[in-house]
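Asker: Please find one structure pasted underneath; my questions will follow.
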Amino acid sequence: MMRDEKTKNTIPGAYIALIADVASRWEISKEDLLQGTGIQQEKLLEPLWHVDFNAAIQTLHRALTLTKEPSLAFGFYLGMQMTVTCHGLIGFAALAAKNVHDALKIAQEFISLQSTIHKITLEIDNEYAYLNFNHNQSYLYIDVVHVALLLGFVQMGKAVSGHSLTGYADVEFERPEYFEDFEKLLPGKVNYKQPYTRLVFQKEILEIPLLTSDPITERLMREQCKAQLRNFLKKSDFTSLVQDLVYDEVMGISTITEVCKKLDISERTLQRKLLDEQTNFRDIVENVRCNKALGFLKNRSLSLNYIADHLGYTDVTNFSRAFKRWTGRTPRRYES
């Protein structure tokens, strides 16, 4: 689907302020950094503003050019200075969450408020939690952004929980020669040239309570996020948003009633908006179930009974019929 000017990609302006703060280490002034980007210095002082994504990438390019730092090294500097509040309302809501798990669920649920390009997903198996940093299109300096997000989430997790993250990281880029001093900042081993970017850690970390937990504040901030999300729905690809909300890593497949509650809209409105984009809730659920099933079957520790139940099927037989309809093979044949 082509996006018109109304739905152009944006990110929080706080990221521009973050780039400016890091660049100032090399005595790069905000005026020099923003030259030619179309971003006014005064905007850096405003709360909760957004900036065109192309302008943000141009600002990052200016920072790399002026500081003469290796690109991935600059990404680490960004990650080191990243704070939860850089993420606007989502950050404030996450700060008030009960534990690490709930904070990451907030990030996953409302990430569309931050960027139409990036998505964060949390997956959990019997032993590990996987925090995936996904993107729906490639762009210049994508590896810099991934490094910043990886280290940023490590730093933010430690700040709000009081515990250091232990695990490993998968990244999509090759290991630069200068990377030895930087990779020590990530938790455990770093695996390079992988098909995805993610943090992997023991799932018990998810239960660590946050030092800043506040149920009342969390509820208020979530309502603010929902209000922004409703505004975003008026100018976005609604189908993609519903796909993101259909699956919950703990509860499994959400019902249409549960998705409508997350969006704070009626079932009739949801179905009408999906029909406008030539799809329906049932087809979306089927697509999500298929993709999740293919991923689960790669994990040999998960039984067919668990997968079937997690994806909302009454028994393995019904799941197997659906899987054969999707792929032409039964789950057992797909595993072998």
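Letters for chains follow the order of the structure tokens (A, B, ...), residue numbers begin at 1 for each chain, and ligand numbers begin at 1 in the order shown.
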Hey, what's within 7 Å of Asp52 in chain A if we count only C-alpha atoms and toss same-chain stuff fewer than 3 positions away? As a count of residues only, please?
Answerer: 5
Asker: Can you list, as a list in words, all residues belonging to range 17-153 of chain A that DSSP tags as strand (DSSP E or B)?
Answerer: His50, Val51, Asp52, Asn99, His118, Lys119, Ile120, Thr121, Leu122, Glu123, Ile124, Tyr128, Ala129, Tyr130, Leu131, Asn132, Phe133, Asn134 and His135 of chain A
Asker: So that I can see what lies close to Leu64 in chain A, please list as an mmCIF file with all heavy atoms, in the first residue's frame the residues with an atom at most 10 Å from it, counting only C-alpha atoms and leaving out residues fewer than 4 positions away in the same chain.
Answerer:
data_model
loop_
_atom_site.group_PDB
_atom_site.id
_atom_site.type_symbol
_atom_site.label_atom_id
_atom_site.label_comp_id
_atom_site.auth_asym_id
_atom_site.auth_seq_id
_atom_site.Cartn_x
_atom_site.Cartn_y
_atom_site.Cartn_z
ATOM 1 N N ILE A 19 20.591 12.602 19.394
ATOM 2 C CA ILE A 19 21.709 12.717 18.458
ATOM 3 C C ILE A 19 22.496 13.995 18.722
ATOM 4 O O ILE A 19 23.739 14.000 18.720
ATOM 5 C CB ILE A 19 21.201 12.695 16.999
ATOM 6 C CG1 ILE A 19 20.588 11.325 16.666
ATOM 7 C CG2 ILE A 19 22.328 13.018 16.016
ATOM 8 C CD1 ILE A 19 19.916 11.262 15.318
ATOM 9 N N ALA A 23 26.415 14.260 19.743
ATOM 10 C CA ALA A 23 27.318 15.020 18.861
ATOM 11 C C ALA A 23 28.014 16.152 19.604
ATOM 12 O O ALA A 23 29.126 16.553 19.233
ATOM 13 C CB ALA A 23 26.529 15.566 17.672
ATOM 14 N N LEU A 33 24.712 20.871 13.320
ATOM 15 C CA LEU A 33 24.131 19.542 13.153
ATOM 16 C C LEU A 33 22.857 19.584 12.316
ATOM 17 O O LEU A 33 22.644 18.737 11.443
ATOM 18 C CB LEU A 33 23.817 18.936 14.521
ATOM 19 C CG LEU A 33 23.127 17.571 14.511
ATOM 20 C CD1 LEU A 33 24.056 16.499 13.965
ATOM 21 C CD2 LEU A 33 22.652 17.192 15.917
ATOM 22 N N GLN A 58 18.845 12.181 7.822
ATOM 23 C CA GLN A 58 19.748 13.236 7.372
ATOM 24 C C GLN A 58 20.524 13.823 8.556
ATOM 25 O O GLN A 58 21.718 14.126 8.437
ATOM 26 C CB GLN A 58 18.954 14.332 6.660
ATOM 27 C CG GLN A 58 19.820 15.353 5.939
ATOM 28 C CD GLN A 58 18.990 16.348 5.156
ATOM 29 O OE1 GLN A 58 17.764 16.272 5.124
ATOM 30 N NE2 GLN A 58 19.661 17.300 4.521
ATOM 31 N N THR A 59 19.857 13.973 9.689
ATOM 32 C CA THR A 59 20.517 14.474 10.892
ATOM 33 C C THR A 59 21.587 13.491 11.368
ATOM 34 O O THR A 59 22.694 13.894 11.752
ATOM 35 C CB THR A 59 19.493 14.702 12.016
ATOM 36 O OG1 THR A 59 18.471 15.572 11.559
ATOM 37 C CG2 THR A 59 20.158 15.303 13.246
ATOM 38 N N LEU A 60 21.265 12.205 11.335
ATOM 39 C CA LEU A 60 22.245 11.189 11.713
ATOM 40 C C LEU A 60 23.445 11.226 10.771
ATOM 41 O O LEU A 60 24.609 11.107 11.210
ATOM 42 C CB LEU A 60 21.595 9.814 11.701
ATOM 43 C CG LEU A 60 22.487 8.621 12.051
ATOM 44 C CD1 LEU A 60 23.124 8.802 13.421
ATOM 45 C CD2 LEU A 60 21.679 7.319 12.006
ATOM 46 N N LYS A 68 33.099 12.398 12.467
ATOM 47 C CA LYS A 68 34.056 11.488 11.828
ATOM 48 C C LYS A 68 34.205 10.169 12.606
ATOM 49 O O LYS A 68 35.234 9.500 12.518
ATOM 50 C CB LYS A 68 35.427 12.158 11.665
ATOM 51 C CG LYS A 68 35.421 13.376 10.753
ATOM 52 C CD LYS A 68 36.816 13.965 10.608
ATOM 53 C CE LYS A 68 36.856 15.078 9.568
ATOM 54 N NZ LYS A 68 35.943 16.189 9.878
ATOM 55 N N GLU A 69 33.176 9.824 13.352
ATOM 56 C CA GLU A 69 33.183 8.567 14.092
ATOM 57 C C GLU A 69 32.689 7.421 13.211
ATOM 58 O O GLU A 69 31.837 7.625 12.346
ATOM 59 C CB GLU A 69 32.269 8.674 15.318
ATOM 60 C CG GLU A 69 32.873 9.389 16.490
ATOM 61 C CD GLU A 69 34.023 8.608 17.090
ATOM 62 O OE1 GLU A 69 33.850 7.424 17.439
ATOM 63 O OE2 GLU A 69 35.117 9.196 17.209
ATOM 64 N N PRO A 70 33.205 6.191 13.431
ATOM 65 C CA PRO A 70 32.634 5.030 12.725
ATOM 66 C C PRO A 70 31.147 4.930 13.036
ATOM 67 O O PRO A 70 30.730 5.167 14.179
ATOM 68 C CB PRO A 70 33.419 3.852 13.312
ATOM 69 C CG PRO A 70 34.693 4.439 13.818
ATOM 70 C CD PRO A 70 34.332 5.811 14.303
ATOM 71 N N SER A 71 30.361 4.561 12.047
ATOM 72 C CA SER A 71 28.909 4.621 12.198
ATOM 73 C C SER A 71 28.398 3.761 13.356
ATOM 74 O O SER A 71 27.582 4.216 14.166
ATOM 75 C CB SER A 71 28.226 4.208 10.892
ATOM 76 O OG SER A 71 28.605 2.883 10.531
ATOM 77 N N LEU A 72 28.872 2.513 13.466
ATOM 78 C CA LEU A 72 28.363 1.648 14.516
ATOM 79 C C LEU A 72 28.846 2.087 15.893
ATOM 80 O O LEU A 72 28.151 1.881 16.898
ATOM 81 C CB LEU A 72 28.768 0.203 14.242
ATOM 82 C CG LEU A 72 28.103 -0.439 13.024
ATOM 83 C CD1 LEU A 72 28.583 -1.864 12.820
ATOM 84 C CD2 LEU A 72 26.585 -0.422 13.161
ATOM 85 N N ALA A 73 30.005 2.708 15.946
ATOM 86 C CA ALA A 73 30.471 3.259 17.223
ATOM 87 C C ALA A 73 29.531 4.368 17.678
ATOM 88 O O ALA A 73 29.181 4.464 18.864
ATOM 89 C CB ALA A 73 31.895 3.788 17.079
ATOM 90 N N PHE A 74 29.112 5.202 16.743
ATOM 91 C CA PHE A 74 28.181 6.277 17.091
ATOM 92 C C PHE A 74 26.852 5.697 17.572
ATOM 93 O O PHE A 74 26.206 6.236 18.470
ATOM 94 C CB PHE A 74 27.953 7.196 15.886
ATOM 95 C CG PHE A 74 27.317 8.509 16.242
ATOM 96 C CD1 PHE A 74 28.081 9.568 16.699
ATOM 97 C CD2 PHE A 74 25.945 8.685 16.135
ATOM 98 C CE1 PHE A 74 27.497 10.777 17.042
ATOM 99 C CE2 PHE A 74 25.347 9.890 16.471
ATOM 100 C CZ PHE A 74 26.134 10.941 16.926
ATOM 101 N N GLY A 75 26.453 4.563 16.971
ATOM 102 C CA GLY A 75 25.246 3.884 17.428
ATOM 103 C C GLY A 75 25.352 3.462 18.885
ATOM 104 O O GLY A 75 24.385 3.558 19.643
#
Asker: Check the DSSP output for the backbone and give back, as an MDAnalysis selection string, the residues of range 159-249 of chain A in helix (DSSP H, G or I).
Answerer: chainID A and resid 159:161 177:183 203:207 215:233 238:246
Asker: Could you make a table, as a tab-separated table, of the residues of range 3-34 of chain A that have an atom within 10 Å of an atom of range 77-83 of chain A, each with its nearest atom pair and distance in Å to one decimal, counting only C-alpha atoms, in chain and number order?
Answerer:
residue	atom	partner	partner_atom	distance
A:Ala14	CA	A:Met82	CA	9.8
A:Tyr15	CA	A:Met82	CA	8.6
A:Leu18	CA	A:Leu78	CA	6.9
A:Ile19	CA	A:Leu78	CA	6.7
A:Ala20	CA	A:Leu78	CA	9.8
A:Asp21	CA	A:Gln81	CA	8.5
A:Val22	CA	A:Leu78	CA	6.5
A:Ala23	CA	A:Tyr77	CA	9.4
Asker: Find the spatial neighbours of Leu66 in chain A, counting only C-alpha atoms, within a cut-off of 8 Å - ignore same-chain residues fewer than 3 positions away - and output them as a list in words.
Answerer: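 Final neighbour list, sorted by chain and number: Ile28, Leu33, Arg62 and Ala63 of chain A.
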Asker: Given the choices A:Leu131, A:Ala93, A:Ile284, A:Leu44, which gets closest to Gly167 in chain A if the distance is worked out from only C-alpha atoms?
Answerer: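 For Gly167 in chain A, the nearest of the candidates is A:Leu131.
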Asker: Return the single residue from A:Ala96, A:Ile57, A:Ala293, A:Glu42 that is closest to Lys324 in chain A, with distances computed using only C-alpha atoms.
Answerer: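 So, comparing all the options, the nearest one is A:Ala293.
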Asker: Any idea what's packed within 8 Å of Lys119 in chain A, counting only C-alpha atoms, ignoring anything in its chain fewer than 5 positions away? Could you give it as a compact mmCIF listing (two decimals) with N, CA and C atoms, in the first residue's frame?
Answerer:
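Ended up saving to result_25.txt:
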# COMPACT_ATOMS: atom_id res chain seq x y z
N GLN A 108 5.58 -3.01 22.92
CA GLN A 108 5.10 -3.76 21.76
C GLN A 108 3.73 -3.28 21.30
N ILE A 111 4.08 0.62 19.84
CA ILE A 111 5.25 1.05 19.06
C ILE A 111 4.85 1.79 17.79
N SER A 112 3.65 1.54 17.28
CA SER A 112 3.21 2.22 16.06
C SER A 112 3.09 3.73 16.27
N PHE A 133 13.83 -6.76 17.18
CA PHE A 133 13.75 -5.42 16.61
C PHE A 133 13.56 -5.59 15.10
N ASN A 134 12.33 -5.38 14.65
CA ASN A 134 11.97 -5.62 13.25
C ASN A 134 11.81 -4.31 12.50
N HIS A 135 11.93 -4.38 11.18
CA HIS A 135 11.70 -3.22 10.33
C HIS A 135 11.02 -3.68 9.05
Asker: I need the residue nearest Ser254 in chain A from this list: A:Arg268, A:Ile205, A:His310, A:Val84. Use only C-alpha atoms for the distance.
Answerer: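 Distance minimum relative to Ser254 in chain A lands on A:His310.
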Asker: With only C-alpha atoms as the basis for distance, which of A:Lys184, A:Lys158, A:His87, A:Lys30 is at the shortest distance from Trp49 in chain A?
Answerer: A:His87
Asker: Quick one: everything within 8 Å of Arg222 in chain A, counting only C-alpha atoms, minus sequence neighbours fewer than 4 positions away in the same chain. Send it as a list of chain:residue names.
Answerer: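 Using only C-alpha atoms, the neighbours found are A:Ile90, A:Ala93, A:Glu218, A:Lys226.
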Asker: Write the selection just made, keeping N, CA, C and O atoms, as a PDB file, in the first residue's frame?
Answerer:
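Everything below was put into result_11.pdb:
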ATOM      1  N   ILE A  90       4.986   6.416  25.569  1.00  0.00           N
ATOM      2  CA  ILE A  90       5.223   4.989  25.757  1.00  0.00           C
ATOM      3  C   ILE A  90       6.244   4.782  26.863  1.00  0.00           C
ATOM      4  O   ILE A  90       6.109   3.899  27.711  1.00  0.00           O
ATOM      5  N   ALA A  93       4.680   5.400  30.262  1.00  0.00           N
ATOM      6  CA  ALA A  93       3.804   4.281  30.625  1.00  0.00           C
ATOM      7  C   ALA A  93       4.622   3.070  31.045  1.00  0.00           C
ATOM      8  O   ALA A  93       4.298   2.386  32.027  1.00  0.00           O
ATOM      9  N   GLU A 218       0.591   4.344  35.448  1.00  0.00           N
ATOM     10  CA  GLU A 218       0.567   3.474  34.273  1.00  0.00           C
ATOM     11  C   GLU A 218      -0.784   3.539  33.571  1.00  0.00           C
ATOM     12  O   GLU A 218      -0.860   3.653  32.344  1.00  0.00           O
ATOM     13  N   LYS A 226      -3.480   5.369  24.224  1.00  0.00           N
ATOM     14  CA  LYS A 226      -4.650   4.951  23.445  1.00  0.00           C
ATOM     15  C   LYS A 226      -5.228   6.131  22.662  1.00  0.00           C
ATOM     16  O   LYS A 226      -5.663   5.971  21.519  1.00  0.00           O
TER      17      LYS A 226
END
Asker: Out of A:Met251, A:Val288, A:Leu199, A:Leu263, which residue has the shortest atom-to-atom distance to Asp309 in chain A when counting only C-alpha atoms?
Answerer: A:Met251
Asker: For a test of reading the model, state the distance in Å between CA of His101 in chain A and CA of Glu207 in chain A, rounded to one decimal.
Answerer: 6.3 Å
Asker: So the first atom is CA of Ile120 in chain A and the second is CA of Gly152 in chain A; what is the distance between them in Å, to one decimal place?
Answerer: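 Separation of CA of Ile120 in chain A and CA of Gly152 in chain A: 13.2 Å.
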Asker: Determine the nearest neighbour of Lys262 in chain A from the options A:Trp26, A:Phe110, A:Phe173, A:Phe53, counting only C-alpha atoms.
Answerer: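 Looking at the shortest contact to Lys262 in chain A, the residue is A:Phe110.
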Asker: Identify, on the basis of only C-alpha atoms, every residue whose closest approach to Val259 in chain A does not exceed 8 Å; exclude the query and any residue fewer than 6 positions from it along the same chain; express the result as number ranges by chain.
Answerer: A: 242, 245-246
Asker: Quick one: distance from CA of Glu177 in chain A to CA of Met156 in chain A in Å, one decimal?
Answerer: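 Separating CA of Glu177 in chain A from CA of Met156 in chain A is a distance of 27.0 Å.
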